[in-house]
Amino acid sequence: MTTDLHGPLSAYAARLHATVGDRHHVASPLGAWLLLAVCATEPADTEPADIEPADTEPAESNPAAEDAAGEGPSADGPAAEDLAHALGTDLASAAEVARVLLDAPHPLVRSATALWRRAGRGDGGSAAWRAALPRTTDVGELPDQAGLDAWAREHTDGLIDTFPLKVSPNVVFALASALATRVSWATPFDVADAGALGGGSPWARGLRRALRSPSHGHRCAIVSTERLGDVIVHAAPAQTTDGAGLVVLSVAADPQVPPSEVLAVAYDLSVGAADGAQPAGARSLFDLPLGDAPLWTVREERVRTRARDGREERHNAVLPCWSARSEHDLTAPALGFKAASTMLAKALAQPIESFDARQVAMARFGRYGFEAAAVTGMVGLVSLPPEGVARTAELRFGHPYAVVAVATDTRADGVTGPWHGVPVFSAWVTEPEELPEADAADR
């Protein structure tokens with residue numbers, strides 16, 4: 001079984017970022033994809049095949065119309081087809097990839113998933129289905145809002161304060177994933193004047209300082225791509241732990257290129273980034289003209305070099321610090337959560353009327369390191385009570401009336417004391433008074 005999900009995840013990322021548009025934001029397509037993959041879990045007797053892109057097209061589905069009975073989510077039907085299309089692979093392979101990633105967490109990336117259901121609502125699914133979930137997935141009763149917020153904080157090292165969804169009385173189950181990282185660069189950035197961002201950069205006029213890649217330790221390149229032509233690439237590696245690391249790749253293209261296209265190329269160029277490989281299509285500086293271009297400046301000088309042909313190439317990059325905090329609505333059909341909620345409702349024997357899915361994410365990129373976190377949540381909701389008639393009575397004490405003040409006396413051990421239920425004061429009211437002016441204002 002292979003865990004190479006680069007193709008399916010790249011396709012999913014394209015759809016997720018497309019729903020956000022061109023505003024400043026951060027997201028975790030992986031966090032959303034893992035949540036969908038957990039919903040694809042089903043009792044399996046055979047080893048799933050290597051991950052292959054799904055060729056199904058999304059079909060219309062209605063969670064309310066699905067039969068909620070059964071031992072687990074069915075691998076066929078409209079909801080299964082929609083979920084496989086969103087995942088970009090068959091359900092069994094996606095579920096297995098999720099198990100591999102979640103049950104063997106990365107030392108630098110905290111990960112967690114949880115499945116909660118409302119107490120008294122169903123039995124939590126069949127034992128075989130629960131056993132097929134990732135071993136690290138927490139399963140239990142639905143916490144209150146404070147409990148969900150605490151889960152988000154705990155599993156993101158405090159980077160996310162609140163759970164992205166609210167728990168209303170009609171929520172019967174919730175599924176969540178959390179991813180978080182906080183790393184230091186193996187080699188910190190140097191500091192540069194913001195003017196180095198370029199005379200045409202609006203940021204150069206609004207900032208005083210920027211980051212410059214160090215002379216060693218970071219990787220930079222000008223890369224020729226089929227999709228966008230020439231782009232610039234910077235890769236900053238984090239300090240490793242137990243042989244595991246993290247590389248943050250930055251890719252810029254012509255300012256007129258739509259964000260979705262640049263993001264797609266960045267995902268393409270991320271192949272091999274973890275291995276320190278030079279991006280395919282990297283251009284030799286000796287094939288470029290000297291002087292200024294929109295994305296770079298090439299200059300030449302005489303130096304002493306050990307390069308075999310006497311032609312040495314050096315790169316550096318200037319980037320701004322940045323941070324982002326975003327919240328994303330994941331209910332668009334192309335993102336797969338409508339189908340996932342149907343599958344999960346069937347597995348839990350929970351007929352639902354609707355669903356909601358959201359992600360909250362943050363990231364911070366600075367001179368000494370990078371931190372990011374995302375919490376993705378999905379809930380299934382039952383229908384609200386049917387419409388009826390409500391009557392409201394406004395009681396008017398507009399003539400003389402009686403008042404009795406009764407003591408309560410309940411001890412901590414549950415035993416009632418001698419004062420409990422004793423009328424202490426009583427009155428008959430016949431002379432009302434005006435509300436004091438001091439009490440008329442809110443406090």
# chains A, B, ... in the order shown; residues from 1 in each chain; ligands from 1

$ select_by_dssp --residues "segment 127-314 of chain A" --states "strand (DSSP E or B)" --output "MDAnalysis selection string"
chainID A and resid 138:141 171:185 190:193 209:212 219:225 229:238 241 244 247:252 282 291:292 297:298

$ select_by_dssp --residues "segment 86-333 of chain A" --states "alpha helix (DSSP H)" --output "CSV table (one decimal) with all heavy atoms, in the first residue's frame"
chain,number,residue,atom,x,y,z
A,86,ALA,N,-14.5,13.5,-4.5
A,86,ALA,CA,-13.9,14.5,-3.7
A,86,ALA,C,-12.5,14.1,-3.2
A,86,ALA,O,-11.6,14.9,-3.2
A,86,ALA,CB,-14.8,14.9,-2.5
A,87,LEU,N,-12.4,12.9,-2.8
A,87,LEU,CA,-11.1,12.4,-2.3
A,87,LEU,C,-10.1,12.2,-3.4
A,87,LEU,O,-8.9,12.1,-3.2
A,87,LEU,CB,-11.3,11.1,-1.5
A,87,LEU,CG,-11.9,11.2,-0.1
A,87,LEU,CD1,-12.4,9.9,0.3
A,87,LEU,CD2,-11.0,11.8,0.9
A,91,LEU,N,-12.6,4.7,-1.9
A,91,LEU,CA,-12.7,4.9,-0.4
A,91,LEU,C,-11.8,4.1,0.4
A,91,LEU,O,-11.3,4.6,1.4
A,91,LEU,CB,-14.2,4.7,-0.1
A,91,LEU,CG,-15.3,5.5,-0.8
A,91,LEU,CD1,-16.6,5.2,-0.2
A,91,LEU,CD2,-14.9,7.0,-0.7
A,92,ALA,N,-11.6,2.9,0.0
A,92,ALA,CA,-10.8,2.0,0.9
A,92,ALA,C,-9.3,2.5,0.9
A,92,ALA,O,-8.7,2.5,2.0
A,92,ALA,CB,-10.8,0.5,0.3
A,93,SER,N,-8.8,3.0,-0.2
A,93,SER,CA,-7.4,3.5,-0.2
A,93,SER,C,-7.3,4.8,0.6
A,93,SER,O,-6.4,5.0,1.3
A,93,SER,CB,-7.0,3.7,-1.7
A,93,SER,OG,-6.9,2.5,-2.4
A,94,ALA,N,-8.3,5.6,0.5
A,94,ALA,CA,-8.3,6.9,1.2
A,94,ALA,C,-8.3,6.6,2.7
A,94,ALA,O,-7.6,7.2,3.5
A,94,ALA,CB,-9.5,7.8,0.8
A,95,ALA,N,-9.2,5.7,3.1
A,95,ALA,CA,-9.3,5.4,4.6
A,95,ALA,C,-8.0,4.8,5.1
A,95,ALA,O,-7.5,5.1,6.2
A,95,ALA,CB,-10.4,4.4,4.8
A,96,GLU,N,-7.3,4.0,4.3
A,96,GLU,CA,-6.1,3.4,4.7
A,96,GLU,C,-5.0,4.4,4.8
A,96,GLU,O,-4.1,4.4,5.7
A,96,GLU,CB,-5.7,2.2,3.7
A,96,GLU,CG,-4.4,1.5,4.1
A,96,GLU,CD,-4.4,0.8,5.4
A,96,GLU,OE1,-5.5,0.6,6.0
A,96,GLU,OE2,-3.4,0.4,5.9
A,97,VAL,N,-4.9,5.4,3.8
A,97,VAL,CA,-4.0,6.4,3.9
A,97,VAL,C,-4.2,7.2,5.2
A,97,VAL,O,-3.2,7.6,5.9
A,97,VAL,CB,-4.1,7.3,2.7
A,97,VAL,CG1,-3.3,8.6,2.9
A,97,VAL,CG2,-3.6,6.6,1.4
A,98,ALA,N,-5.4,7.5,5.5
A,98,ALA,CA,-5.7,8.3,6.8
A,98,ALA,C,-5.2,7.5,8.0
A,98,ALA,O,-4.6,8.1,8.9
A,98,ALA,CB,-7.2,8.5,6.9
A,99,ARG,N,-5.4,6.2,8.0
A,99,ARG,CA,-4.9,5.4,9.1
A,99,ARG,C,-3.4,5.4,9.2
A,99,ARG,O,-2.9,5.6,10.3
A,99,ARG,CB,-5.4,3.9,9.0
A,99,ARG,CG,-6.8,3.7,9.4
A,99,ARG,CD,-7.1,2.2,9.5
A,99,ARG,NE,-7.2,1.6,8.2
A,99,ARG,CZ,-8.3,1.5,7.4
A,99,ARG,NH1,-9.4,2.0,7.9
A,99,ARG,NH2,-8.3,0.9,6.3
A,100,VAL,N,-2.7,5.3,8.1
A,100,VAL,CA,-1.3,5.3,8.1
A,100,VAL,C,-0.8,6.7,8.7
A,100,VAL,O,0.1,6.7,9.5
A,100,VAL,CB,-0.7,5.1,6.7
A,100,VAL,CG1,0.8,5.3,6.6
A,100,VAL,CG2,-1.0,3.6,6.3
A,101,LEU,N,-1.3,7.8,8.2
A,101,LEU,CA,-0.8,9.1,8.6
A,101,LEU,C,-1.2,9.4,10.0
A,101,LEU,O,-0.3,9.9,10.8
A,101,LEU,CB,-1.4,10.2,7.7
A,101,LEU,CG,-1.0,10.2,6.2
A,101,LEU,CD1,-1.7,11.3,5.5
A,101,LEU,CD2,0.5,10.3,6.1
A,102,LEU,N,-2.4,9.1,10.4
A,102,LEU,CA,-2.8,9.4,11.8
A,102,LEU,C,-2.2,8.5,12.9
A,102,LEU,O,-2.0,9.0,14.0
A,102,LEU,CB,-4.3,9.4,11.9
A,102,LEU,CG,-5.0,10.5,11.0
A,102,LEU,CD1,-6.5,10.2,10.9
A,102,LEU,CD2,-4.7,11.9,11.6
A,103,ASP,N,-2.0,7.2,12.5
A,103,ASP,CA,-1.5,6.3,13.5
A,103,ASP,C,0.0,6.3,13.6
A,103,ASP,O,0.6,5.7,14.5
A,103,ASP,CB,-2.0,4.9,13.2
A,103,ASP,CG,-3.5,4.7,13.5
A,103,ASP,OD1,-4.1,5.6,14.1
A,103,ASP,OD2,-4.0,3.7,13.0
A,127,ALA,N,-19.3,-2.5,15.8
A,127,ALA,CA,-18.0,-2.7,16.4
A,127,ALA,C,-16.9,-2.9,15.3
A,127,ALA,O,-15.8,-2.4,15.4
A,127,ALA,CB,-18.0,-4.0,17.3
A,128,ALA,N,-17.3,-3.5,14.2
A,128,ALA,CA,-16.4,-3.7,13.1
A,128,ALA,C,-16.0,-2.4,12.5
A,128,ALA,O,-14.8,-2.2,12.1
A,128,ALA,CB,-16.9,-4.7,12.1
A,129,TRP,N,-17.0,-1.5,12.3
A,129,TRP,CA,-16.7,-0.2,11.7
A,129,TRP,C,-15.8,0.6,12.6
A,129,TRP,O,-14.9,1.2,12.2
A,129,TRP,CB,-18.0,0.5,11.4
A,129,TRP,CG,-17.8,1.9,10.8
A,129,TRP,CD1,-17.5,2.1,9.5
A,129,TRP,CD2,-17.9,3.1,11.5
A,129,TRP,NE1,-17.4,3.5,9.4
A,129,TRP,CE2,-17.6,4.1,10.5
A,129,TRP,CE3,-18.1,3.5,12.8
A,129,TRP,CZ2,-17.5,5.5,10.9
A,129,TRP,CZ3,-18.1,4.8,13.2
A,129,TRP,CH2,-17.8,5.8,12.2
A,130,ARG,N,-16.1,0.6,13.9
A,130,ARG,CA,-15.3,1.4,14.9
A,130,ARG,C,-13.9,0.9,14.9
A,130,ARG,O,-12.9,1.7,15.0
A,130,ARG,CB,-15.9,1.4,16.3
A,130,ARG,CG,-17.2,2.1,16.4
A,130,ARG,CD,-17.6,2.4,17.8
A,130,ARG,NE,-17.7,1.2,18.6
A,130,ARG,CZ,-18.8,0.4,18.8
A,130,ARG,NH1,-19.9,0.8,18.1
A,130,ARG,NH2,-18.8,-0.7,19.5
A,131,ALA,N,-13.7,-0.4,14.8
A,131,ALA,CA,-12.4,-1.0,14.8
A,131,ALA,C,-11.6,-0.6,13.6
A,131,ALA,O,-10.3,-0.6,13.6
A,131,ALA,CB,-12.5,-2.5,14.9
A,132,ALA,N,-12.3,-0.3,12.5
A,132,ALA,CA,-11.6,0.1,11.3
A,132,ALA,C,-11.1,1.5,11.2
A,132,ALA,O,-10.4,1.9,10.4
A,132,ALA,CB,-12.5,-0.2,10.1
A,145,GLN,N,-19.8,23.0,24.2
A,145,GLN,CA,-19.0,23.9,23.4
A,145,GLN,C,-17.6,24.2,24.1
A,145,GLN,O,-16.6,24.2,23.4
A,145,GLN,CB,-19.7,25.2,23.2
A,145,GLN,CG,-19.1,26.1,22.2
A,145,GLN,CD,-19.2,25.6,20.8
A,145,GLN,OE1,-20.3,25.2,20.4
A,145,GLN,NE2,-18.1,25.5,20.0
A,146,ALA,N,-17.6,24.3,25.4
A,146,ALA,CA,-16.4,24.5,26.1
A,146,ALA,C,-15.4,23.3,25.9
A,146,ALA,O,-14.2,23.5,25.7
A,146,ALA,CB,-16.6,24.7,27.5
A,147,GLY,N,-16.0,22.1,25.9
A,147,GLY,CA,-15.2,20.9,25.6
A,147,GLY,C,-14.6,20.8,24.3
A,147,GLY,O,-13.4,20.4,24.1
A,148,LEU,N,-15.4,21.2,23.2
A,148,LEU,CA,-14.9,21.3,21.9
A,148,LEU,C,-13.8,22.3,21.7
A,148,LEU,O,-12.7,22.1,21.0
A,148,LEU,CB,-16.0,21.5,20.9
A,148,LEU,CG,-17.0,20.4,20.7
A,148,LEU,CD1,-18.1,20.9,19.8
A,148,LEU,CD2,-16.4,19.2,20.2
A,149,ASP,N,-14.0,23.5,22.3
A,149,ASP,CA,-12.9,24.5,22.3
A,149,ASP,C,-11.6,24.1,22.9
A,149,ASP,O,-10.5,24.3,22.4
A,149,ASP,CB,-13.4,25.8,22.9
A,149,ASP,CG,-14.6,26.5,22.2
A,149,ASP,OD1,-14.8,26.1,21.0
A,149,ASP,OD2,-15.2,27.3,22.8
A,150,ALA,N,-11.8,23.3,24.1
A,150,ALA,CA,-10.6,22.8,24.8
A,150,ALA,C,-9.9,21.8,23.9
A,150,ALA,O,-8.7,21.7,23.9
A,150,ALA,CB,-11.0,22.2,26.1
A,151,TRP,N,-10.7,21.0,23.2
A,151,TRP,CA,-10.0,20.0,22.3
A,151,TRP,C,-9.2,20.7,21.2
A,151,TRP,O,-8.1,20.3,20.9
A,151,TRP,CB,-11.1,19.1,21.7
A,151,TRP,CG,-10.6,18.0,20.8
A,151,TRP,CD1,-10.3,16.7,21.3
A,151,TRP,CD2,-10.3,18.0,19.4
A,151,TRP,NE1,-9.9,15.9,20.2
A,151,TRP,CE2,-9.8,16.7,19.1
A,151,TRP,CE3,-10.4,18.9,18.4
A,151,TRP,CZ2,-9.5,16.3,17.8
A,151,TRP,CZ3,-10.0,18.6,17.1
A,151,TRP,CH2,-9.6,17.3,16.8
A,152,ALA,N,-9.8,21.8,20.6
A,152,ALA,CA,-9.1,22.5,19.6
A,152,ALA,C,-7.8,23.1,20.1
A,152,ALA,O,-6.7,23.0,19.5
A,152,ALA,CB,-10.0,23.6,19.0
A,153,ARG,N,-7.8,23.7,21.3
A,153,ARG,CA,-6.6,24.3,21.9
A,153,ARG,C,-5.6,23.2,22.2
A,153,ARG,O,-4.4,23.4,21.9
A,153,ARG,CB,-7.0,25.0,23.2
A,153,ARG,CG,-7.7,26.3,22.9
A,153,ARG,CD,-7.8,27.2,24.2
A,153,ARG,NE,-8.5,26.5,25.3
A,153,ARG,CZ,-9.8,26.6,25.4
A,153,ARG,NH1,-10.6,27.3,24.6
A,153,ARG,NH2,-10.5,26.0,26.4
A,154,GLU,N,-6.0,22.1,22.8
A,154,GLU,CA,-5.1,21.0,23.2
A,154,GLU,C,-4.3,20.5,22.0
A,154,GLU,O,-3.1,20.2,22.1
A,154,GLU,CB,-5.8,19.9,23.9
A,154,GLU,CG,-5.0,18.7,24.3
A,154,GLU,CD,-5.8,17.6,24.9
A,154,GLU,OE1,-7.0,17.7,25.1
A,154,GLU,OE2,-5.1,16.5,25.1
A,155,HIS,N,-5.0,20.2,20.9
A,155,HIS,CA,-4.4,19.5,19.8
A,155,HIS,C,-3.8,20.5,18.8
A,155,HIS,O,-3.3,20.0,17.7
A,155,HIS,CB,-5.5,18.6,19.1
A,155,HIS,CG,-5.9,17.5,20.0
A,155,HIS,ND1,-5.1,16.4,20.2
A,155,HIS,CD2,-7.0,17.3,20.7
A,155,HIS,CE1,-5.7,15.6,21.0
A,155,HIS,NE2,-6.9,16.1,21.3
A,202,PRO,N,4.1,47.2,-4.0
A,202,PRO,CA,3.4,48.0,-3.0
A,202,PRO,C,3.8,47.8,-1.6
A,202,PRO,O,3.7,48.7,-0.7
A,202,PRO,CB,1.9,47.7,-3.2
A,202,PRO,CG,1.9,46.3,-3.8
A,202,PRO,CD,3.2,46.2,-4.6
A,203,TRP,N,4.3,46.6,-1.3
A,203,TRP,CA,4.7,46.3,0.1
A,203,TRP,C,6.0,47.0,0.4
A,203,TRP,O,6.2,47.3,1.6
A,203,TRP,CB,4.9,44.8,0.2
A,203,TRP,CG,3.7,43.9,0.0
A,203,TRP,CD1,2.4,44.3,0.0
A,203,TRP,CD2,3.7,42.5,-0.3
A,203,TRP,NE1,1.6,43.3,-0.2
A,203,TRP,CE2,2.3,42.2,-0.4
A,203,TRP,CE3,4.7,41.6,-0.4
A,203,TRP,CZ2,1.9,40.8,-0.7
A,203,TRP,CZ3,4.3,40.2,-0.7
A,203,TRP,CH2,2.9,39.9,-0.8
A,204,ALA,N,6.8,47.3,-0.6
A,204,ALA,CA,8.1,47.9,-0.3
A,204,ALA,C,7.9,49.3,0.3
A,204,ALA,O,8.7,49.9,1.0
A,204,ALA,CB,8.9,48.0,-1.6
A,205,ARG,N,6.7,49.9,-0.1
A,205,ARG,CA,6.4,51.3,0.4
A,205,ARG,C,5.7,51.3,1.7
A,205,ARG,O,5.8,52.2,2.5
A,205,ARG,CB,5.5,52.0,-0.6
A,205,ARG,CG,6.2,52.2,-2.0
A,205,ARG,CD,5.3,53.1,-2.9
A,205,ARG,NE,4.1,52.4,-3.3
A,205,ARG,CZ,4.0,51.6,-4.3
A,205,ARG,NH1,5.1,51.4,-5.1
A,205,ARG,NH2,2.9,51.0,-4.7
A,206,GLY,N,5.1,50.1,2.1
A,206,GLY,CA,4.4,50.0,3.4
A,206,GLY,C,5.2,49.4,4.5
A,206,GLY,O,4.7,49.4,5.6
A,259,PRO,N,-4.6,33.6,-8.4
A,259,PRO,CA,-4.0,32.8,-7.2
A,259,PRO,C,-4.2,31.3,-7.4
A,259,PRO,O,-3.3,30.5,-7.0
A,259,PRO,CB,-4.9,33.3,-6.0
A,259,PRO,CG,-5.3,34.7,-6.4
A,259,PRO,CD,-5.5,34.6,-7.9
A,260,SER,N,-5.3,30.8,-8.0
A,260,SER,CA,-5.5,29.4,-8.1
A,260,SER,C,-4.4,28.8,-9.0
A,260,SER,O,-4.0,27.6,-8.7
A,260,SER,CB,-6.9,29.1,-8.7
A,260,SER,OG,-7.0,29.7,-10.0
A,261,GLU,N,-4.0,29.5,-10.0
A,261,GLU,CA,-2.9,29.0,-10.9
A,261,GLU,C,-1.6,28.9,-10.1
A,261,GLU,O,-0.8,27.9,-10.3
A,261,GLU,CB,-2.8,29.8,-12.1
A,261,GLU,CG,-4.0,29.8,-13.0
A,261,GLU,CD,-4.2,28.4,-13.7
A,261,GLU,OE1,-3.2,27.9,-14.3
A,261,GLU,OE2,-5.3,27.8,-13.6
A,262,VAL,N,-1.3,29.9,-9.4
A,262,VAL,CA,0.0,29.9,-8.6
A,262,VAL,C,0.0,28.8,-7.6
A,262,VAL,O,1.0,28.1,-7.4
A,262,VAL,CB,0.3,31.3,-8.0
A,262,VAL,CG1,1.7,31.3,-7.4
A,262,VAL,CG2,0.2,32.4,-9.1
A,263,LEU,N,-1.1,28.7,-6.9
A,263,LEU,CA,-1.2,27.6,-5.9
A,263,LEU,C,-1.0,26.2,-6.5
A,263,LEU,O,-0.4,25.3,-5.9
A,263,LEU,CB,-2.6,27.7,-5.1
A,263,LEU,CG,-2.7,28.8,-4.1
A,263,LEU,CD1,-4.1,29.1,-3.8
A,263,LEU,CD2,-1.9,28.4,-2.8
A,264,ALA,N,-1.6,26.0,-7.7
A,264,ALA,CA,-1.5,24.7,-8.3
A,264,ALA,C,-0.1,24.5,-8.7
A,264,ALA,O,0.4,23.3,-8.5
A,264,ALA,CB,-2.4,24.7,-9.6
A,265,VAL,N,0.6,25.5,-9.2
A,265,VAL,CA,2.0,25.3,-9.5
A,265,VAL,C,2.9,25.0,-8.3
A,265,VAL,O,3.8,24.2,-8.3
A,265,VAL,CB,2.6,26.5,-10.3
A,265,VAL,CG1,4.1,26.5,-10.4
A,265,VAL,CG2,2.0,26.5,-11.7
A,266,ALA,N,2.5,25.7,-7.2
A,266,ALA,CA,3.3,25.5,-5.9
A,266,ALA,C,3.1,24.0,-5.5
A,266,ALA,O,4.1,23.4,-5.0
A,266,ALA,CB,2.8,26.4,-4.9
A,267,TYR,N,1.9,23.5,-5.6
A,267,TYR,CA,1.7,22.1,-5.3
A,267,TYR,C,2.5,21.2,-6.2
A,267,TYR,O,3.1,20.2,-5.8
A,267,TYR,CB,0.2,21.7,-5.3
A,267,TYR,CG,-0.5,21.8,-4.0
A,267,TYR,CD1,-0.9,23.0,-3.5
A,267,TYR,CD2,-0.7,20.7,-3.2
A,267,TYR,CE1,-1.6,23.2,-2.3
A,267,TYR,CE2,-1.3,20.8,-2.0
A,267,TYR,CZ,-1.8,22.0,-1.5
A,267,TYR,OH,-2.4,22.2,-0.3
A,268,ASP,N,2.6,21.5,-7.5
A,268,ASP,CA,3.4,20.7,-8.4
A,268,ASP,C,4.8,20.7,-8.0
A,268,ASP,O,5.5,19.7,-8.0
A,268,ASP,CB,3.2,21.3,-9.8
A,268,ASP,CG,1.8,21.0,-10.4
A,268,ASP,OD1,1.1,20.2,-9.9
A,268,ASP,OD2,1.5,21.7,-11.4
A,269,LEU,N,5.3,21.9,-7.7
A,269,LEU,CA,6.8,22.1,-7.4
A,269,LEU,C,7.1,21.5,-6.0
A,269,LEU,O,8.3,21.3,-5.7
A,269,LEU,CB,7.2,23.5,-7.4
A,269,LEU,CG,7.1,24.2,-8.8
A,269,LEU,CD1,7.4,25.7,-8.7
A,269,LEU,CD2,8.1,23.5,-9.8

$ residues_around --residues "Arg358 of chain A" --least-positions-apart "6" --cutoff "9 Å" --atoms "only C-alpha atoms" --output "list in words"
Ala32, Pro164, Leu165, Glu327, His328, Asp329, Leu330, Thr331, Val375, Thr376, Gly377 and Met378 of chain A

$ write_last_selection --atoms "C-alpha atoms" --output "short mmCIF file (atom, residue, chain, number, x, y, z; two decimals), in the first residue's frame"
data_model
loop_
_atom_site.label_atom_id
_atom_site.label_comp_id
_atom_site.auth_asym_id
_atom_site.auth_seq_id
_atom_site.Cartn_x
_atom_site.Cartn_y
_atom_site.Cartn_z
CA ALA A 32 -10.14 18.55 5.35
CA PRO A 164 -15.05 26.12 14.12
CA LEU A 165 -18.65 24.98 14.69
CA GLU A 327 -12.24 30.50 8.55
CA HIS A 328 -13.61 28.50 5.65
CA ASP A 329 -17.09 27.24 4.83
CA LEU A 330 -16.67 23.67 3.58
CA THR A 331 -20.26 23.01 2.57
CA VAL A 375 -9.09 22.53 12.97
CA THR A 376 -11.69 21.08 10.61
CA GLY A 377 -15.11 20.12 11.86
CA MET A 378 -18.28 18.55 10.49
#

$ closest_residue --among "A:Pro134, A:Pro29, A:Gly77, A:Pro294" --to "Gly199 of chain A" --atoms "only C-alpha atoms"
A:Pro294

$ closest_residue --among "A:Thr305, A:Thr240, A:Asn316, A:Ser284" --to "Val183 of chain A" --atoms "only C-alpha atoms"
A:Thr240

$ closest_residue --among "A:Val233, A:Val167, A:Glu353, A:Phe370" --to "Leu108 of chain A" --atoms "only C-alpha atoms"
A:Phe370
